[in-house]
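Okay, structure26.cif now, which holds mmCIF, C-alpha atoms and all ligand atoms:
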data_final
#
loop_
_atom_site.label_atom_id
_atom_site.label_comp_id
_atom_site.auth_asym_id
_atom_site.auth_seq_id
_atom_site.Cartn_x
_atom_site.Cartn_y
_atom_site.Cartn_z
CA MET V 205 -53.60 -3.07 -2.25
CA SER V 206 -54.51 -6.31 -0.52
CA PRO V 207 -52.17 -7.46 2.26
CA ASP V 208 -53.68 -10.94 1.85
CA PRO V 209 -51.18 -13.14 -0.05
CA ALA V 210 -54.11 -14.91 -1.73
CA GLY V 211 -55.28 -12.80 -4.63
CA GLN V 212 -52.01 -11.33 -5.77
CA LEU V 213 -48.67 -11.74 -7.45
CA ARG V 214 -46.03 -10.76 -4.95
CA VAL V 215 -42.43 -10.13 -6.00
CA GLU V 216 -39.85 -9.64 -3.26
CA GLY V 217 -36.24 -8.61 -3.60
CA LEU V 218 -35.98 -9.64 -7.25
CA THR V 219 -32.52 -9.12 -8.70
CA VAL V 220 -31.53 -10.02 -12.27
CA ARG V 221 -27.93 -10.05 -13.45
CA TYR V 222 -26.46 -10.75 -16.87
CA GLY V 223 -22.86 -11.69 -16.14
CA ARG V 224 -21.46 -8.74 -14.20
CA ALA V 225 -24.20 -6.32 -15.29
CA THR V 226 -27.17 -5.88 -12.95
CA ALA V 227 -30.43 -5.21 -14.82
CA LEU V 228 -32.78 -5.29 -11.83
CA THR V 229 -31.88 -4.53 -8.21
CA ASP V 230 -33.88 -5.87 -5.29
CA VAL V 231 -37.31 -5.04 -6.73
CA THR V 232 -40.34 -5.59 -4.50
CA LEU V 233 -43.84 -5.10 -5.81
CA THR V 234 -47.40 -6.32 -5.58
CA VAL V 235 -49.76 -7.04 -8.46
CA PRO V 236 -53.27 -7.61 -7.08
CA ARG V 237 -55.82 -9.73 -8.88
CA GLY V 238 -58.67 -7.71 -10.35
CA ALA V 239 -56.46 -4.74 -11.26
CA VAL V 240 -54.08 -3.49 -13.95
CA THR V 241 -50.68 -2.72 -12.44
CA ALA V 242 -48.19 -0.93 -14.67
CA VAL V 243 -44.40 -0.76 -14.64
CA VAL V 244 -43.15 2.21 -16.63
CA GLY V 245 -39.57 3.06 -17.42
CA PRO V 246 -37.35 4.07 -20.32
CA ASN V 247 -35.50 1.61 -22.55
CA GLY V 248 -32.97 -0.36 -20.56
CA ALA V 249 -34.75 0.27 -17.23
CA GLY V 250 -35.16 -3.45 -16.60
CA LYS V 251 -38.85 -3.93 -17.45
CA SER V 252 -38.31 -7.03 -19.58
CA SER V 253 -35.84 -8.43 -17.04
CA LEU V 254 -38.52 -8.01 -14.35
CA LEU V 255 -41.21 -9.79 -16.40
CA LEU V 256 -38.85 -12.55 -17.52
CA GLY V 257 -37.65 -12.95 -13.93
CA ILE V 258 -41.27 -13.37 -12.80
CA TYR V 259 -41.90 -15.87 -15.60
CA GLY V 260 -38.68 -17.71 -14.78
CA SER V 261 -37.00 -17.45 -18.15
CA VAL V 262 -34.02 -15.46 -16.85
CA SER V 263 -32.28 -16.47 -13.66
CA ALA V 264 -33.12 -14.22 -10.75
CA THR V 265 -32.67 -14.06 -7.00
CA GLY V 266 -35.56 -13.08 -4.73
CA THR V 267 -39.04 -14.57 -4.53
CA VAL V 268 -42.10 -14.74 -6.76
CA GLN V 269 -45.39 -15.81 -5.19
CA VAL V 270 -48.81 -16.21 -6.76
CA ASP V 271 -51.75 -16.38 -4.34
CA GLY V 272 -49.23 -17.22 -1.63
CA GLU V 273 -47.66 -20.11 -3.59
CA ASP V 274 -43.92 -19.84 -4.09
CA MET V 275 -42.95 -20.07 -7.78
CA SER V 276 -39.34 -18.98 -7.33
CA ARG V 277 -37.78 -22.35 -8.04
CA LEU V 278 -40.08 -23.43 -10.87
CA LYS V 279 -39.08 -23.55 -14.53
CA PRO V 280 -41.07 -21.34 -16.94
CA ILE V 281 -43.21 -24.23 -18.16
CA ALA V 282 -44.22 -25.09 -14.60
CA ARG V 283 -45.03 -21.44 -13.88
CA ALA V 284 -47.12 -21.34 -17.07
CA ARG V 285 -49.02 -24.46 -15.99
CA ALA V 286 -49.52 -22.85 -12.56
CA GLY V 287 -51.22 -19.87 -14.19
CA VAL V 288 -48.52 -17.33 -15.08
CA ALA V 289 -48.77 -16.14 -18.71
CA ILE V 290 -46.57 -13.75 -20.65
CA VAL V 291 -46.93 -11.68 -23.80
CA PRO V 292 -43.23 -11.20 -24.51
CA GLN V 293 -41.70 -8.12 -26.07
CA GLY V 294 -41.33 -8.69 -29.81
CA ARG V 295 -44.21 -11.24 -29.71
CA GLN V 296 -42.14 -14.41 -30.35
CA LEU V 297 -44.58 -16.31 -32.52
CA PHE V 298 -43.63 -19.19 -34.81
CA PRO V 299 -43.74 -17.17 -38.06
CA ARG V 300 -43.74 -20.23 -40.32
CA LEU V 301 -46.62 -21.93 -38.52
CA ASN V 302 -50.17 -20.87 -39.17
CA VAL V 303 -52.41 -19.23 -36.60
CA TRP V 304 -54.10 -22.49 -35.66
CA ASP V 305 -50.79 -24.31 -35.14
CA ASN V 306 -49.32 -21.47 -33.08
CA LEU V 307 -52.25 -21.91 -30.70
CA ARG V 308 -52.06 -25.71 -30.84
CA VAL V 309 -48.40 -25.62 -29.71
CA MET V 310 -49.46 -23.70 -26.60
CA ALA V 311 -52.39 -26.08 -25.99
CA GLU V 312 -49.96 -29.00 -26.05
CA THR V 313 -47.45 -27.21 -23.84
CA LEU V 314 -50.13 -26.51 -21.25
CA ARG V 315 -51.76 -29.96 -21.78
CA LEU V 316 -55.11 -28.37 -22.66
CA PRO V 317 -57.85 -30.12 -24.66
CA GLY V 318 -57.99 -29.51 -28.44
CA SER V 319 -61.14 -27.41 -27.97
CA SER V 320 -58.99 -24.76 -26.27
CA VAL V 321 -57.64 -23.70 -29.69
CA ASP V 322 -61.17 -22.92 -30.86
CA GLU V 323 -61.88 -21.06 -27.66
CA ALA V 324 -58.70 -19.00 -28.09
CA MET V 325 -59.77 -18.00 -31.61
CA ASP V 326 -63.12 -16.82 -30.28
CA ARG V 327 -61.44 -14.01 -28.35
CA PHE V 328 -60.61 -12.06 -31.53
CA PRO V 329 -62.83 -12.98 -34.52
CA ILE V 330 -60.11 -11.92 -36.99
CA LEU V 331 -58.03 -14.89 -35.83
CA ARG V 332 -60.65 -17.36 -37.03
CA ALA V 333 -60.68 -15.66 -40.42
CA ARG V 334 -56.88 -15.97 -40.50
CA ALA V 335 -56.68 -19.51 -39.04
CA ARG V 336 -54.70 -20.99 -41.98
CA PHE V 337 -52.46 -17.93 -42.53
CA LEU V 338 -48.82 -18.15 -41.52
CA ALA V 339 -48.30 -16.06 -38.39
CA GLY V 340 -45.42 -14.27 -40.13
CA VAL V 341 -47.69 -12.70 -42.76
CA LEU V 342 -50.22 -11.25 -40.31
CA SER V 343 -50.29 -7.51 -39.59
CA GLY V 344 -48.66 -6.33 -36.35
CA GLY V 345 -52.07 -5.94 -34.72
CA GLU V 346 -53.21 -9.42 -35.76
CA GLN V 347 -49.96 -10.92 -34.48
CA GLN V 348 -50.41 -9.21 -31.13
CA MET V 349 -54.01 -10.47 -30.91
CA LEU V 350 -52.69 -13.96 -31.60
CA VAL V 351 -50.05 -13.65 -28.88
CA VAL V 352 -52.60 -12.32 -26.38
CA SER V 353 -55.03 -15.17 -27.18
CA ARG V 354 -52.18 -17.65 -26.86
CA ALA V 355 -51.24 -16.20 -23.46
CA LEU V 356 -54.83 -16.54 -22.26
CA MET V 357 -55.21 -20.20 -23.22
CA GLY V 358 -54.57 -21.63 -19.79
CA ALA V 359 -56.96 -19.13 -18.09
CA PRO V 360 -54.00 -17.53 -16.27
CA ARG V 361 -54.13 -16.03 -12.80
CA VAL V 362 -51.30 -13.65 -13.71
CA LEU V 363 -50.81 -11.97 -17.09
CA LEU V 364 -47.48 -10.27 -17.86
CA LEU V 365 -47.61 -7.91 -20.86
CA ASP V 366 -44.27 -6.62 -22.17
CA GLU V 367 -44.69 -3.58 -24.45
CA MET V 368 -47.99 -4.88 -25.74
CA MET V 369 -48.81 -1.56 -27.43
CA THR V 370 -45.52 -0.72 -29.15
CA GLY V 371 -45.83 -0.04 -32.87
CA LEU V 372 -49.56 -0.78 -33.13
CA ALA V 373 -52.29 1.34 -34.71
CA PRO V 374 -54.45 3.30 -32.23
CA HIS V 375 -57.60 1.23 -32.88
CA VAL V 376 -55.69 -2.00 -32.16
CA VAL V 377 -54.25 -0.49 -28.98
CA GLN V 378 -57.77 0.48 -27.88
CA SER V 379 -59.10 -2.99 -28.52
CA LEU V 380 -56.20 -4.63 -26.62
CA CYS V 381 -56.62 -2.19 -23.72
CA ALA V 382 -60.33 -3.06 -23.53
CA THR V 383 -59.45 -6.77 -23.44
CA VAL V 384 -56.88 -6.21 -20.69
CA ALA V 385 -59.30 -4.14 -18.60
CA SER V 386 -61.97 -6.84 -18.84
CA LEU V 387 -59.47 -9.57 -17.89
CA ALA V 388 -58.61 -7.57 -14.77
CA ASP V 389 -62.33 -7.25 -14.04
CA GLU V 390 -62.57 -11.04 -14.27
CA GLY V 391 -59.94 -11.31 -11.50
CA VAL V 392 -56.63 -11.68 -13.37
CA ALA V 393 -53.56 -9.97 -11.88
CA VAL V 394 -52.31 -7.93 -14.86
CA LEU V 395 -48.78 -6.49 -15.00
CA LEU V 396 -48.27 -4.14 -17.94
CA ALA V 397 -44.73 -2.94 -18.79
CA GLU V 398 -44.49 0.08 -21.08
CA PRO V 399 -41.93 2.77 -21.94
CA SER V 400 -44.75 5.33 -22.05
CA ILE V 401 -48.23 5.22 -20.59
CA GLY V 402 -50.11 6.66 -23.56
CA ALA V 403 -53.46 5.06 -24.28
CA ALA V 404 -53.24 2.71 -21.26
CA ARG V 405 -53.60 5.63 -18.81
CA SER V 406 -57.31 5.08 -18.28
CA ILE V 407 -57.06 1.32 -17.62
CA ILE V 408 -54.14 1.48 -15.15
CA THR V 409 -55.24 0.93 -11.56
CA ARG V 410 -51.81 1.43 -10.00
CA GLY V 411 -48.18 1.23 -10.90
CA TYR V 412 -44.47 1.65 -10.41
CA VAL V 413 -41.75 3.75 -12.04
CA LEU V 414 -38.62 1.73 -12.82
CA ILE V 415 -35.35 3.54 -13.57
CA ARG V 416 -32.04 1.71 -14.04
CA GLY V 417 -33.29 -1.43 -12.33
CA ASP V 418 -34.75 0.39 -9.30
CA VAL V 419 -38.35 1.18 -8.36
CA VAL V 420 -38.25 4.95 -7.74
CA ALA V 421 -41.99 5.64 -7.28
CA SER V 422 -45.34 3.88 -6.87
CA GLU V 423 -48.70 5.52 -7.47
CA GLU V 424 -52.42 4.80 -7.54
CA GLY V 425 -54.07 5.56 -10.90
CA GLY V 426 -52.73 6.07 -14.43
CA TRP V 427 -52.62 9.87 -14.30
CA ALA V 428 -50.67 10.01 -11.00
CA LEU V 429 -48.29 7.36 -12.34
CA ASP V 430 -47.73 9.34 -15.52
CA SER V 431 -46.82 12.50 -13.62
CA ALA V 432 -44.51 10.56 -11.24
CA TYR V 433 -42.84 9.08 -14.32
CA GLN V 434 -42.35 12.49 -15.90
CA SER V 435 -40.82 13.89 -12.68
CA ALA V 436 -38.49 10.88 -12.38
CA MET V 437 -37.37 11.33 -15.98
CA GLY V 438 -36.81 15.06 -15.30
CA VAL V 439 -34.54 14.16 -12.37
CA GLU V 440 -32.66 11.69 -14.63
CA LEU V 441 -32.22 14.38 -17.27
CA ASP V 442 -30.88 16.82 -14.66
CA LYS V 443 -28.38 14.17 -13.51
CA THR V 444 -27.23 13.62 -17.11
CA VAL V 445 -26.81 17.37 -17.70
CA ALA V 446 -24.86 17.73 -14.42
CA ALA V 447 -22.62 14.77 -15.33
CA GLU V 448 -21.94 16.23 -18.77
CA ALA V 449 -21.17 19.63 -17.25
CA ALA V 450 -18.64 17.97 -14.90
CA HIS V 451 -17.04 15.99 -17.76
CA PRO V 452 -17.66 17.99 -20.94
CA VAL V 453 -17.45 15.98 -24.14
CA PRO V 454 -14.77 17.57 -26.37
CA ALA V 455 -16.19 19.20 -29.49
CA VAL V 456 -13.49 17.58 -31.63
CA ASP V 457 -11.44 14.47 -30.99
CA PRO V 458 -8.22 15.44 -29.23
CA ILE V 459 -5.17 14.80 -31.39
CA PRO V 460 -3.00 12.23 -29.66
N1 LIG O 1 -29.58 -10.97 -22.44
C1 LIG O 1 -28.93 -9.91 -21.94
N2 LIG O 1 -27.60 -9.92 -21.76
C2 LIG O 1 -26.94 -8.86 -21.24
N3 LIG O 1 -27.54 -7.72 -20.87
C3 LIG O 1 -28.86 -7.64 -21.03
C4 LIG O 1 -29.63 -8.71 -21.58
N4 LIG O 1 -30.93 -8.33 -21.63
C5 LIG O 1 -30.97 -7.09 -21.14
N5 LIG O 1 -29.74 -6.67 -20.79
C6 LIG O 1 -29.41 -5.37 -20.18
O1 LIG O 1 -30.15 -5.25 -18.98
C7 LIG O 1 -30.65 -3.93 -18.83
C8 LIG O 1 -32.16 -3.96 -18.72
O2 LIG O 1 -32.70 -4.42 -19.96
P1 LIG O 1 -34.23 -4.75 -20.16
O3 LIG O 1 -34.70 -5.58 -19.02
O4 LIG O 1 -34.37 -5.30 -21.53
O5 LIG O 1 -34.86 -3.29 -20.05
P2 LIG O 1 -36.21 -2.70 -20.70
O6 LIG O 1 -37.09 -3.85 -20.99
O7 LIG O 1 -36.73 -1.78 -19.66
O8 LIG O 1 -35.78 -1.97 -21.95
C9 LIG O 1 -30.14 -3.13 -20.02
O9 LIG O 1 -28.96 -2.47 -19.64
C10 LIG O 1 -29.85 -4.20 -21.04
O10 LIG O 1 -28.83 -3.80 -21.92
MG MG O 2 -38.03 -4.47 -22.68
#

Could you quickly redo this structure as structure tokens?
Ligand SMILES: Nc1ncnc2c1ncn2[C@@H]1O[C@H](COP(=O)(O)OP(=O)(O)O)[C@@H](O)[C@H]1O
Ligand SMILES: [Mg+2]
Amino acid sequence: MSPDPAGQLRVEGLTVRYGRATALTDVTLTVPRGAVTAVVGPNGAGKSSLLLGIYGSVSATGTVQVDGEDMSRLKPIARARAGVAIVPQGRQLFPRLNVWDNLRVMAETLRLPGSSVDEAMDRFPILRARARFLAGVLSGGEQQMLVVSRALMGAPRVLLLDEMMTGLAPHVVQSLCATVASLADEGVAVLLAEPSIGAARSIITRGYVLIRGDVVASEEGGWALDSAYQSAMGVELDKTVAAEAAHPVPAVDPIP
């Protein structure tokens, strides 16, 4: 991990609250350029809150720096123009716009030249074949390829991927993982959030385990991260069993 603030996304003390509920507590982590950093945690752990907090689309306290530049006070659109891109959970395409227009909207948002739409379609040849199809009728894999191409339009320095692999066929997952690994090789700081490591194990350089809004472990390499995640989940399970033993759930509803 580079101590040099240039060449990394640095998140310090990030806390995200929704009303009185805290989704993320004082999270500090580093996402170096040229590597794939993972955040793994079960549903509800705060992965999306972390990525949205970094992108600026939920309000957060703490700091977010890219290559030493403070982004903490910028709106999402300004962060996007400064080189932070997100593939959100659930994809969030415009289903009633065609593939071309989905990409054009991003080109306009980022103030890119019209040629950037063509360049984006070159990343996955299937997108060119589907250019006039409504995004809503594409397969899950095609939609995810569209979202990834859209995210890459501004040549981002930081790429946030929220459950990129969920629900996709293994060959699509493999192709997306290969794309992500080559982006990291090109110098992008990739942050991959997943509820299980699965097929991404071999492309993960380093990562963090997130449980209930807290980072409970950090590891180098996908295999070490996977085993740290399994141990952390084992500890969680033990806590749940102990809590249930202390307050047993009645087998039948008590009669008032
Ligand atoms: N918009 C929201 N309003 C209120 N609570 C939310 C909202 N989004 C997420 N949460 C809560 O914050 C916690 C973390 O959620 P999230 O960041 O979506 O976790 P993950 O992505 O790891 O599943 C959960 O308890 C979830 O219910
Ligand atoms: Mg999520």

query = Which residue gives the smallest distance to ligand LIG 1 (chain O) among V:Ala286, V:Leu213, V:Ala397, V:Leu342, with only C-alpha atoms and all ligand atoms counted?
reply =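 Of all the options, V:Ala397 lies closest to ligand LIG 1 (chain O).
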
task = Find the distance between atom CA of V:Asp271 and atom CA of V:Ala388 and write it in Å to one decimal.
result =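 Atom-to-atom, atom CA of V:Asp271 to atom CA of V:Ala388, that is 15.3 Å.
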
query = Can you list, as a PyMOL selection string, every protein, DNA or RNA residue that comes within 9 Å of V:Gln296 when you count all atoms listed in the file, leaving out same-chain residues fewer than 4 positions away?
reply = chain V and resi 291-292+351

query = Using all atoms listed in the file, which residues sit within 8 Å of V:Gly344 once same-chain residues fewer than 2 positions away are excluded, as a ChimeraX atom specification?
reply = /V:342,346-348,371-372

inquiry  = One number please: atom CA of V:Ser320 to atom CA of V:Lys279, in Å, one decimal.
reply    = 23.1 Å

task = Using all atoms listed in the file, pick whichever of V:Val244, V:Val262, V:Leu363, V:Ile290 has the shortest atom-to-atom distance to V:Arg277.
result =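 Closest residue, counting all atoms listed in the file: V:Val262.
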
task = Set the cut-off to 10 Å, count only C-alpha atoms and all ligand atoms, and list whatever residues fall near ligand LIG 1 (chain O) as a count of residues only.
result = 35

ask   = For ligand MG 2 (chain O), which residue among V:Val445, V:Ala239, V:Met368, V:Leu278 is the nearest when counting all atoms listed in the file?
value =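 Residue with the minimum atom-to-atom distance to ligand MG 2 (chain O): V:Met368.
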
task = Work out how far apart atom CA of V:Pro299 and atom CA of V:Ala404 are and give it in Å to one decimal.
result =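 The value is 27.7 Å.
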
ask   = From the list V:Arg354, V:Arg283, V:Arg295, V:Arg334, which residue is nearest V:Leu307 when using only C-alpha atoms?
value =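 That would be V:Arg354, the residue with the smallest distance to V:Leu307.
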
Taking (-58.8, -3.1, -9.0) in the file's own coordinates, collect the residues within 7 Å, counting all atoms listed in the file, and hand them back as a PDB file with C-alpha atoms, in the coordinates of the input.
ATOM      1  CA  GLY V 238     -58.670  -7.710 -10.350  1.00  0.00           C
ATOM      2  CA  ALA V 239     -56.460  -4.740 -11.260  1.00  0.00           C
ATOM      3  CA  VAL V 240     -54.080  -3.490 -13.950  1.00  0.00           C
ATOM      4  CA  THR V 409     -55.240   0.930 -11.560  1.00  0.00           C
TER       5      THR V 409
END

request  = Counting all atoms listed in the file, figure out which residue out of V:Leu297, V:Leu396, V:Ala339, V:Ala373 gets nearest to ligand MG 2 (chain O).
outcome  = V:Leu396

task = Rank V:Pro236, V:Gly266, V:Gly294, V:Gly358 by their smallest atom-to-atom distance to ligand MG 2 (chain O), using only C-alpha atoms and all ligand atoms, and report the top residue only.
result =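 The closest residue to ligand MG 2 (chain O) is V:Gly294.
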
query = Hey, what's within 10 Å of V:Ile330 if we count only C-alpha atoms and toss same-chain stuff fewer than 5 positions away? As a list of chain:residue names, please?
reply =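 Selected residues are V:Met325, V:Ala335, V:Glu346, V:Met349, V:Leu350.
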